[in-house]
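Asks: Supplied structure: protein-v3.pdb, PDB, C-alpha atoms.
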ATOM      1  CA  MET A  85      98.540 109.518 115.880
ATOM      2  CA  ALA A  86      99.462 111.422 112.723
ATOM      3  CA  LEU A  87      97.772 109.922 109.680
ATOM      4  CA  PHE A  88      99.213 111.684 106.681
ATOM      5  CA  ARG A  89     100.596 114.977 105.480
ATOM      6  CA  GLY A  90      99.776 116.349 102.054
ATOM      7  CA  ALA A  91      96.958 115.493  99.666
ATOM      8  CA  GLY A  92      94.577 112.645 100.362
ATOM      9  CA  VAL A  93      92.136 111.780  97.616
ATOM     10  CA  ALA A  94      88.430 111.522  98.365
ATOM     11  CA  LEU A  95      88.161 108.674  95.884
ATOM     12  CA  VAL A  96      85.173 108.223  93.591
ATOM     13  CA  THR A  97      83.439 104.855  93.461
ATOM     14  CA  PRO A  98      83.177 103.592  89.870
ATOM     15  CA  PHE A  99      79.963 101.855  88.839
ATOM     16  CA  HIS A 100      78.912  99.490  86.075
ATOM     17  CA  ALA A 101      75.986 100.444  83.849
ATOM     18  CA  ASP A 102      73.645  98.509  86.137
ATOM     19  CA  GLY A 103      74.775 100.553  89.150
ATOM     20  CA  SER A 104      76.893  97.866  90.780
ATOM     21  CA  VAL A 105      80.418  98.675  91.960
ATOM     22  CA  ASN A 106      83.063  98.211  89.279
ATOM     23  CA  TYR A 107      85.828  96.652  91.348
ATOM     24  CA  ASP A 108      88.201  96.168  88.415
ATOM     25  CA  LYS A 109      88.041  99.893  87.697
ATOM     26  CA  LEU A 110      88.347 100.693  91.408
ATOM     27  CA  ALA A 111      91.606  98.715  91.519
ATOM     28  CA  GLU A 112      92.883 100.734  88.536
ATOM     29  CA  LEU A 113      92.004 104.016  90.220
ATOM     30  CA  VAL A 114      93.843 102.987  93.394
ATOM     31  CA  GLU A 115      96.984 102.145  91.403
ATOM     32  CA  GLU A 116      96.812 105.387  89.436
ATOM     33  CA  GLN A 117      96.463 107.414  92.628
ATOM     34  CA  ILE A 118      99.438 105.746  94.283
ATOM     35  CA  ALA A 119     101.542 106.151  91.130
ATOM     36  CA  GLY A 120     100.470 109.803  91.010
ATOM     37  CA  GLY A 121     101.865 110.561  94.438
ATOM     38  CA  THR A 122      98.654 110.739  96.448
ATOM     39  CA  ASP A 123      99.453 110.735 100.159
ATOM     40  CA  ALA A 124      96.344 108.861 101.372
ATOM     41  CA  ILE A 125      93.111 107.377 100.079
ATOM     42  CA  ILE A 126      89.793 108.216 101.672
ATOM     43  CA  ALA A 127      87.306 105.449 100.939
ATOM     44  CA  CYS A 128      83.532 105.881 100.917
ATOM     45  CA  GLY A 129      83.301 109.566 101.624
ATOM     46  CA  THR A 130      80.921 112.036 100.008
ATOM     47  CA  THR A 131      82.790 111.799  96.705
ATOM     48  CA  GLY A 132      82.601 108.010  96.917
ATOM     49  CA  GLU A 133      78.786 108.163  97.049
ATOM     50  CA  ALA A 134      78.646 106.336 100.377
ATOM     51  CA  ALA A 135      75.203 107.794 101.037
ATOM     52  CA  THR A 136      73.745 105.543  98.328
ATOM     53  CA  MET A 137      75.402 102.346  99.556
ATOM     54  CA  SER A 138      74.044  99.671 101.831
ATOM     55  CA  GLU A 139      76.124  99.029 104.937
ATOM     56  CA  GLU A 140      77.301  95.727 103.433
ATOM     57  CA  GLU A 141      78.305  97.400 100.175
ATOM     58  CA  HIS A 142      79.965 100.243 102.059
ATOM     59  CA  MET A 143      82.174  97.795 103.922
ATOM     60  CA  ASP A 144      82.902  95.718 100.826
ATOM     61  CA  VAL A 145      84.325  98.807  99.102
ATOM     62  CA  ILE A 146      86.389  99.786 102.147
ATOM     63  CA  ARG A 147      87.801  96.268 102.501
ATOM     64  CA  PHE A 148      88.610  96.133  98.794
ATOM     65  CA  ILE A 149      90.502  99.431  98.873
ATOM     66  CA  ILE A 150      92.435  98.427 102.010
ATOM     67  CA  LYS A 151      93.485  95.184 100.344
ATOM     68  CA  ALA A 152      94.367  96.884  97.059
ATOM     69  CA  VAL A 153      96.489  99.556  98.756
ATOM     70  CA  ASN A 154      98.244  96.925 100.876
ATOM     71  CA  HIS A 155      99.852  99.361 103.344
ATOM     72  CA  ARG A 156     101.577 101.463 100.663
ATOM     73  CA  ILE A 157      99.804 104.633 101.806
ATOM     74  CA  PRO A 158      97.221 105.234 104.546
ATOM     75  CA  VAL A 159      93.591 104.317 103.921
ATOM     76  CA  ILE A 160      91.016 106.350 105.822
ATOM     77  CA  ALA A 161      87.544 104.865 105.878
ATOM     78  CA  GLY A 162      84.500 107.080 105.717
ATOM     79  CA  THR A 163      82.376 105.625 108.513
ATOM     80  CA  GLY A 164      80.225 108.539 109.634
ATOM     81  CA  SER A 165      76.456 108.269 109.903
ATOM     82  CA  ASN A 166      73.497 110.155 111.303
ATOM     83  CA  CYS A 167      72.934 107.052 113.446
ATOM     84  CA  THR A 168      75.570 106.706 116.147
ATOM     85  CA  ALA A 169      75.158 102.918 116.320
ATOM     86  CA  THR A 170      75.731 102.618 112.567
ATOM     87  CA  ALA A 171      78.828 104.833 112.746
ATOM     88  CA  ILE A 172      80.180 102.642 115.554
ATOM     89  CA  ASP A 173      79.503  99.456 113.587
ATOM     90  CA  LEU A 174      81.135 100.756 110.383
ATOM     91  CA  SER A 175      84.114 102.072 112.344
ATOM     92  CA  LYS A 176      84.657  98.787 114.190
ATOM     93  CA  GLN A 177      84.426  96.807 110.966
ATOM     94  CA  SER A 178      86.887  99.190 109.276
ATOM     95  CA  GLU A 179      89.349  98.780 112.139
ATOM     96  CA  GLU A 180      89.083  94.997 111.840
ATOM     97  CA  ALA A 181      89.637  95.303 108.081
ATOM     98  CA  GLY A 182      92.910  97.190 108.593
ATOM     99  CA  ALA A 183      92.003 100.821 107.968
ATOM    100  CA  ASP A 184      94.542 103.358 109.186
ATOM    101  CA  GLY A 185      91.918 105.818 110.373
ATOM    102  CA  VAL A 186      88.297 106.864 110.008
ATOM    103  CA  LEU A 187      86.592 109.991 108.722
ATOM    104  CA  LEU A 188      83.435 110.823 110.669
ATOM    105  CA  VAL A 189      80.988 113.260 109.134
ATOM    106  CA  THR A 190      78.676 115.112 111.491
ATOM    107  CA  PRO A 191      75.293 113.408 111.906
ATOM    108  CA  TYR A 192      73.261 114.822 109.024
ATOM    109  CA  TYR A 193      69.530 115.625 109.089
ATOM    110  CA  ASN A 194      69.258 115.060 112.868
ATOM    111  CA  LYS A 195      70.997 118.429 113.456
ATOM    112  CA  ALA A 196      72.437 117.470 116.830
ATOM    113  CA  THR A 197      73.261 120.084 119.451
ATOM    114  CA  GLN A 198      76.911 120.722 120.304
ATOM    115  CA  GLY A 199      76.395 118.541 123.369
ATOM    116  CA  GLY A 200      74.920 115.852 121.158
ATOM    117  CA  LEU A 201      77.917 116.040 118.825
ATOM    118  CA  ILE A 202      80.245 115.565 121.788
ATOM    119  CA  GLN A 203      78.378 112.476 122.974
ATOM    120  CA  HIS A 204      78.147 111.081 119.437
ATOM    121  CA  TYR A 205      81.857 111.429 118.765
ATOM    122  CA  GLU A 206      82.847 110.202 122.210
ATOM    123  CA  ALA A 207      80.789 107.066 121.602
ATOM    124  CA  VAL A 208      82.221 106.359 118.142
ATOM    125  CA  ALA A 209      85.839 107.114 119.025
ATOM    126  CA  GLY A 210      85.499 105.163 122.263
ATOM    127  CA  ALA A 211      84.499 102.024 120.354
ATOM    128  CA  ILE A 212      87.755 101.875 118.355
ATOM    129  CA  SER A 213      91.440 102.631 118.731
ATOM    130  CA  LEU A 214      91.942 104.108 115.259
ATOM    131  CA  PRO A 215      92.675 107.815 114.775
ATOM    132  CA  CYS A 216      89.462 109.708 114.077
ATOM    133  CA  ILE A 217      89.194 112.722 111.772
ATOM    134  CA  LEU A 218      85.923 114.587 112.180
ATOM    135  CA  TYR A 219      84.290 116.048 109.080
ATOM    136  CA  ASN A 220      82.745 119.498 109.346
ATOM    137  CA  VAL A 221      80.616 120.181 106.263
ATOM    138  CA  PRO A 222      77.503 122.157 107.300
ATOM    139  CA  SER A 223      76.409 122.842 103.709
ATOM    140  CA  ARG A 224      75.579 119.140 103.422
ATOM    141  CA  THR A 225      74.686 118.149 106.980
ATOM    142  CA  GLY A 226      72.887 121.155 108.435
ATOM    143  CA  VAL A 227      75.075 121.231 111.546
ATOM    144  CA  THR A 228      78.426 122.861 112.340
ATOM    145  CA  ILE A 229      81.056 121.633 114.783
ATOM    146  CA  GLN A 230      81.886 124.851 116.604
ATOM    147  CA  PRO A 231      85.596 125.543 117.307
ATOM    148  CA  GLU A 232      85.124 125.125 121.059
ATOM    149  CA  THR A 233      83.412 121.762 120.528
ATOM    150  CA  MET A 234      86.148 120.532 118.205
ATOM    151  CA  ALA A 235      88.858 121.668 120.625
ATOM    152  CA  TYR A 236      87.088 119.956 123.548
ATOM    153  CA  LEU A 237      86.864 116.659 121.674
ATOM    154  CA  TYR A 238      90.509 116.852 120.605
ATOM    155  CA  GLN A 239      91.644 117.589 124.142
ATOM    156  CA  HIS A 240      89.475 114.986 125.881
ATOM    157  CA  VAL A 241      89.319 112.023 123.461
ATOM    158  CA  GLU A 242      92.733 110.531 122.782
ATOM    159  CA  ASN A 243      92.068 109.173 119.301
ATOM    160  CA  ILE A 244      90.223 112.206 117.943
ATOM    161  CA  VAL A 245      93.144 113.758 116.112
ATOM    162  CA  GLY A 246      91.758 116.417 113.813
ATOM    163  CA  VAL A 247      89.158 117.626 111.344
ATOM    164  CA  LYS A 248      88.434 117.860 107.668
ATOM    165  CA  ASP A 249      87.002 121.346 107.438
ATOM    166  CA  ALA A 250      84.698 122.250 104.569
ATOM    167  CA  THR A 251      82.983 125.188 106.247
ATOM    168  CA  GLY A 252      84.767 127.696 104.045
ATOM    169  CA  ASN A 253      84.875 129.928 107.112
ATOM    170  CA  ILE A 254      88.492 131.021 107.490
ATOM    171  CA  SER A 255      87.723 133.085 110.582
ATOM    172  CA  MET A 256      86.201 130.096 112.366
ATOM    173  CA  ILE A 257      89.066 127.836 111.275
ATOM    174  CA  THR A 258      91.612 130.354 112.558
ATOM    175  CA  LYS A 259      89.808 130.444 115.901
ATOM    176  CA  LEU A 260      89.892 126.639 116.080
ATOM    177  CA  MET A 261      93.617 126.542 115.374
ATOM    178  CA  SER A 262      94.191 129.049 118.164
ATOM    179  CA  LEU A 263      92.511 126.644 120.607
ATOM    180  CA  VAL A 264      94.486 123.490 119.770
ATOM    181  CA  ASP A 265      98.159 122.512 119.729
ATOM    182  CA  GLU A 266     100.551 121.884 116.868
ATOM    183  CA  ASP A 267      99.756 118.145 116.745
ATOM    184  CA  PHE A 268      96.151 118.809 115.698
ATOM    185  CA  LEU A 269      95.474 117.654 112.130
ATOM    186  CA  LEU A 270      93.561 120.158 110.027
ATOM    187  CA  PHE A 271      92.723 119.097 106.482
ATOM    188  CA  SER A 272      91.116 121.447 104.015
ATOM    189  CA  GLY A 273      87.845 120.077 102.687
ATOM    190  CA  ASP A 274      87.804 122.695  99.933
ATOM    191  CA  ASP A 275      90.323 122.453  97.104
ATOM    192  CA  ASP A 276      90.254 126.207  96.538
ATOM    193  CA  GLN A 277      91.435 126.836 100.107
ATOM    194  CA  ILE A 278      94.418 124.500 100.431
ATOM    195  CA  VAL A 279      97.033 127.245 100.737
ATOM    196  CA  PRO A 280      94.914 129.503 102.969
ATOM    197  CA  LEU A 281      94.475 126.639 105.444
ATOM    198  CA  LEU A 282      98.120 125.614 105.227
ATOM    199  CA  SER A 283      98.907 129.169 106.321
ATOM    200  CA  VAL A 284      97.109 128.614 109.638
ATOM    201  CA  GLY A 285      98.704 125.231 110.265
ATOM    202  CA  ALA A 286      96.855 122.668 108.150
ATOM    203  CA  SER A 287      98.454 119.310 107.411
ATOM    204  CA  GLY A 288      97.023 119.159 103.910
ATOM    205  CA  VAL A 289      93.798 118.507 102.043
ATOM    206  CA  ILE A 290      91.241 115.763 101.548
ATOM    207  CA  SER A 291      90.674 116.451  97.906
ATOM    208  CA  VAL A 292      88.232 116.046  95.037
ATOM    209  CA  LEU A 293      90.771 117.591  92.632
ATOM    210  CA  SER A 294      93.183 114.734  93.376
ATOM    211  CA  ASN A 295      90.896 112.363  91.482
ATOM    212  CA  VAL A 296      91.931 114.025  88.224
ATOM    213  CA  ALA A 297      95.217 115.669  89.234
ATOM    214  CA  PRO A 298      96.874 113.690  92.049
ATOM    215  CA  ARG A 299     100.439 114.822  91.376
ATOM    216  CA  GLU A 300      99.496 118.476  91.051
ATOM    217  CA  THR A 301      97.413 118.483  94.232
ATOM    218  CA  HIS A 302     100.201 116.794  96.157
ATOM    219  CA  GLU A 303     102.607 119.419  94.848
ATOM    220  CA  ILE A 304     100.506 122.325  96.129
ATOM    221  CA  CYS A 305     101.054 120.940  99.621
ATOM    222  CA  GLN A 306     104.633 119.793  99.116
ATOM    223  CA  LYS A 307     105.786 123.155  97.816
ATOM    224  CA  TRP A 308     104.383 124.750 100.973
ATOM    225  CA  PHE A 309     106.075 122.199 103.236
ATOM    226  CA  ASP A 310     109.354 122.753 101.369
ATOM    227  CA  GLY A 311     109.160 126.475 102.039
ATOM    228  CA  ASP A 312     108.266 127.418  98.471
ATOM    229  CA  ILE A 313     105.359 129.629  99.477
ATOM    230  CA  LYS A 314     105.240 131.432  96.164
ATOM    231  CA  GLY A 315     105.233 128.153  94.263
ATOM    232  CA  ALA A 316     102.405 126.758  96.395
ATOM    233  CA  ARG A 317     100.410 129.917  95.912
ATOM    234  CA  GLU A 318     100.930 129.888  92.137
ATOM    235  CA  ALA A 319      99.936 126.209  91.968
ATOM    236  CA  GLN A 320      96.760 126.998  93.914
ATOM    237  CA  PHE A 321      95.960 129.869  91.561
ATOM    238  CA  LYS A 322      96.585 127.708  88.479
ATOM    239  CA  ALA A 323      94.220 125.029  89.743
ATOM    240  CA  TYR A 324      91.482 127.469  90.764
ATOM    241  CA  PRO A 325      89.481 127.554  87.489
ATOM    242  CA  LEU A 326      89.486 123.750  87.270
ATOM    243  CA  ILE A 327      88.448 123.475  90.921
ATOM    244  CA  LYS A 328      85.521 125.789  90.254
ATOM    245  CA  ALA A 329      84.512 123.636  87.270
ATOM    246  CA  LEU A 330      84.679 120.505  89.439
ATOM    247  CA  PHE A 331      82.042 122.091  91.671
ATOM    248  CA  ALA A 332      79.866 123.531  88.900
ATOM    249  CA  GLU A 333      77.268 121.001  90.030
ATOM    250  CA  VAL A 334      76.962 119.061  93.269
ATOM    251  CA  ASN A 335      79.982 116.864  93.981
ATOM    252  CA  PRO A 336      80.661 114.182  92.744
ATOM    253  CA  ILE A 337      78.673 114.870  89.567
ATOM    254  CA  PRO A 338      81.390 116.943  87.832
ATOM    255  CA  VAL A 339      84.403 114.897  88.968
ATOM    256  CA  LYS A 340      82.894 111.706  87.594
ATOM    257  CA  ALA A 341      82.234 113.496  84.309
ATOM    258  CA  ALA A 342      85.830 114.738  84.326
ATOM    259  CA  LEU A 343      87.204 111.238  84.873
ATOM    260  CA  ASN A 344      85.061 109.921  82.052
ATOM    261  CA  LEU A 345      86.362 112.709  79.791
ATOM    262  CA  MET A 346      89.857 111.447  80.649
ATOM    263  CA  GLY A 347      88.860 107.973  79.473
ATOM    264  CA  LYS A 348      88.770 106.475  82.963
ATOM    265  CA  ASN A 349      85.260 105.062  82.401
ATOM    266  CA  VAL A 350      84.111 105.320  86.009
ATOM    267  CA  GLY A 351      80.462 105.101  84.976
ATOM    268  CA  SER A 352      77.538 107.188  86.078
ATOM    269  CA  LEU A 353      76.097 108.054  89.481
ATOM    270  CA  ARG A 354      73.422 106.551  91.639
ATOM    271  CA  LEU A 355      70.157 108.394  92.059
ATOM    272  CA  PRO A 356      69.404 110.916  93.356
ATOM    273  CA  MET A 357      72.707 112.067  91.833
ATOM    274  CA  THR A 358      72.442 112.562  88.075
ATOM    275  CA  GLU A 359      74.712 112.936  85.059
ATOM    276  CA  ALA A 360      76.476 116.248  84.510
ATOM    277  CA  THR A 361      74.788 118.574  82.055
ATOM    278  CA  ASP A 362      76.291 119.177  78.643
ATOM    279  CA  SER A 363      77.281 122.696  79.690
ATOM    280  CA  THR A 364      79.158 121.336  82.725
ATOM    281  CA  LYS A 365      80.930 118.765  80.562
ATOM    282  CA  ALA A 366      81.946 121.487  78.102
ATOM    283  CA  LEU A 367      83.245 123.651  80.945
ATOM    284  CA  LEU A 368      85.208 120.732  82.384
ATOM    285  CA  LYS A 369      86.703 119.877  79.005
ATOM    286  CA  ASP A 370      87.807 123.478  78.522
ATOM    287  CA  GLU A 371      89.353 123.867  81.979
ATOM    288  CA  MET A 372      91.011 120.427  81.956
ATOM    289  CA  THR A 373      92.573 121.229  78.589
ATOM    290  CA  LYS A 374      93.871 124.559  79.896
ATOM    291  CA  TYR A 375      95.240 122.840  82.999
ATOM    292  CA  GLY A 376      97.031 120.278  80.863
ATOM    293  CA  ILE A 377      95.367 117.045  81.957
ATOM    294  CA  LEU A 378      93.231 116.534  78.860
TER     295      LEU A 378
END
Give the structure from the file, written as structure tokens.
Replies:
Amino acid sequence: MALFRGAGVALVTPFHADGSVNYDKLAELVEEQIAGGTDAIIACGTTGEAATMSEEEHMDVIRFIIKAVNHRIPVIAGTGSNCTATAIDLSKQSEEAGADGVLLVTPYYNKATQGGLIQHYEAVAGAISLPCILYNVPSRTGVTIQPETMAYLYQHVENIVGVKDATGNISMITKLMSLVDEDFLLFSGDDDQIVPLLSVGASGVISVLSNVAPRETHEICQKWFDGDIKGAREAQFKAYPLIKALFAEVNPIPVKAALNLMGKNVGSLRLPMTEATDSTKALLKDEMTKYGIL
């Protein structure tokens, strides 16, 4: 049930001035990503501001992206929730809409036990036939999928195929990879750790950087897959200052500012997310210019 290999973009959701979704701009972003060599599109993840969307809006955006992509590359729908019933509903609707897979963040705020995580993911995955990528991001959710828990779910639930890991904990990730087989899909959730995770068997990255540099992010992965380890490493190093700038404030505040600096006009953010500060915008402008995308 392999989904993709390489760089998938965690796509931003563009908004009009009144806060409504700008679907014309969203269609443009999809086309630019595909033209730029992005290997998959992740709809309504953290970067897409799904947390500020109603369930109806959430599904409207997912359906729109699926239709716009039209099977050219995989579309992975962000359908996780801290309510298991909501995650099931979003996942079932995404399957009906034609998504290629789902991305399931750990239930945030509730802080489920490891046993609770197992039951949650068994329930969601059991309601659909799509491949499921779990999303381990404790800095945002307050709960960590432990390696043993992730391995258990992978080994016992047929359509749980891997994880997007944004723990930043290389030791824990290495332990996880020692517990699973070579078909397990590990995606880096941190753009500054693409090459380190590829070195322990990752299949690629689910990327914020790809919003502004799709070709370059794809190439970090492709160089590795082609055996050009030095080239992949150098590409990771080159991107590092820009990656740091893209996380100078809470994601997706900086990446939306960066896209607007590029003239993409993706609009602002929904509260409680706020506009990037002037200092962040200046930093982004400087690093994007140095990187050659501005």
Asks: Go through A:Leu87, A:Val159, A:Ala207, A:Val245 and flag the residue nearest Ala171 (chain A), using only C-alpha atoms for the distances.
Replies: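 Among the listed residues, the smallest separation from Ala171 (chain A) belongs to A:Ala207.
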Asks: The PyMOL selection byres ((chain A and resi 227-244) around 9) on the file shown: which residues, as a PyMOL selection string?
Replies: chain A and resi 85+190-199+201-202+205-206+209-210+212-226+245-247+251+256-257+259-261+263-264+268
Asks: I'd like the neighbourhood of Lys109 (chain A) as an MDAnalysis selection string, where a residue qualifies if any of its atoms comes within 10 Å (using all atoms listed in the file), though same-chain residues fewer than 6 positions away should be ignored.
Replies: chainID A and resid 97:100 115 348:351
Asks: Run the PyMOL selection byres ((chain A and resi 298) around 10) against the file shown and list the residues it catches, as a PyMOL selection string.
Replies: chain A and resi 91-93+116-123+291-297+299-303
Asks: Name the residues captured by the PyMOL selection byres ((chain A and resi 335) around 10) when it is applied to the shown file; answer as a list in words.
Replies: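 Applied to this file, the PyMOL selection byres ((chain A and resi 335) around 10) selects Thr130, Thr131, Gly132, Glu133, Val292, Leu330, Phe331, Ala332, Glu333, Val334, Pro336, Ile337, Pro338, Val339, Lys340 and Met357 of chain A.
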Asks: Write a file of the selected residues as a PDB file, in the coordinates of the input, keeping C-alpha atoms.
Replies:
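Final output, saved to result.pdb:
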ATOM      1  CA  THR A 130      80.921 112.036 100.008  1.00  0.00           C
ATOM      2  CA  THR A 131      82.790 111.799  96.705  1.00  0.00           C
ATOM      3  CA  GLY A 132      82.601 108.010  96.917  1.00  0.00           C
ATOM      4  CA  GLU A 133      78.786 108.163  97.049  1.00  0.00           C
ATOM      5  CA  VAL A 292      88.232 116.046  95.037  1.00  0.00           C
ATOM      6  CA  LEU A 330      84.679 120.505  89.439  1.00  0.00           C
ATOM      7  CA  PHE A 331      82.042 122.091  91.671  1.00  0.00           C
ATOM      8  CA  ALA A 332      79.866 123.531  88.900  1.00  0.00           C
ATOM      9  CA  GLU A 333      77.268 121.001  90.030  1.00  0.00           C
ATOM     10  CA  VAL A 334      76.962 119.061  93.269  1.00  0.00           C
ATOM     11  CA  PRO A 336      80.661 114.182  92.744  1.00  0.00           C
ATOM     12  CA  ILE A 337      78.673 114.870  89.567  1.00  0.00           C
ATOM     13  CA  PRO A 338      81.390 116.943  87.832  1.00  0.00           C
ATOM     14  CA  VAL A 339      84.403 114.897  88.968  1.00  0.00           C
ATOM     15  CA  LYS A 340      82.894 111.706  87.594  1.00  0.00           C
ATOM     16  CA  MET A 357      72.707 112.067  91.833  1.00  0.00           C
TER      17      MET A 357
END
Asks: Hey, which of A:Asn106, A:Ser287, A:Ser352, A:Thr168 ends up closest to Leu270 (chain A)? Count all atoms listed in the file.
Replies: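 The closest residue to Leu270 (chain A) is A:Ser287.
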Asks: Considering all atoms listed in the file, can you say which of A:His155, A:Asp173, A:Ile254, A:Ile126 comes closest to Glu140 (chain A)?
Replies: A:Asp173
Asks: Which one is closest to Ser104 (chain A): A:Asp249, A:Asp184, A:Glu141, A:Asp274? Count all atoms listed in the file.
Replies: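 With all atoms listed in the file as the atom set, the closest residue is A:Glu141.
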Asks: Go ahead and compute the interatomic distance for CA of Tyr375 (chain A) and CA of Gln320 (chain A), in Å to one decimal.
Replies: 11.8 Å
Asks: Between CA of Leu367 (chain A) and CA of Gln277 (chain A), measure the distance and give it in Å to one decimal.
Replies: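 Separation between CA of Leu367 (chain A) and CA of Gln277 (chain A): 21.1 Å.
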Asks: Of the candidates A:Tyr107, A:Leu281, A:Glu179, A:Gly164, which shows the shortest atom-to-atom distance to Phe148 (chain A), using only C-alpha atoms?
Replies: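 Residue with the minimum atom-to-atom distance to Phe148 (chain A): A:Tyr107.
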Asks: Compare A:Ala319, A:Leu326, A:Leu345, A:Ala286 by their minimum atom-to-atom distance to Lys374 (chain A), counting all atoms listed in the file, and give me the closest one.
Replies: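 That would be A:Leu326, the residue with the smallest distance to Lys374 (chain A).
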Asks: Go ahead and compute the interatomic distance for CA of Tyr324 (chain A) and CA of Ala127 (chain A), in Å to one decimal.
Replies: 24.6 Å
Asks: I'd like the box whose edges run along x, y and z of the file and which contains every listed atom of region 117-127 of chain A, padded by 4 Å per side; could you state its centre and edge lengths in Å, one decimal, as lines of an AutoDock Vina configuration file?
Replies:
center_x = 94.6
center_y = 108.1
center_z = 96.3
size_x = 22.6
size_y = 13.3
size_z = 18.7
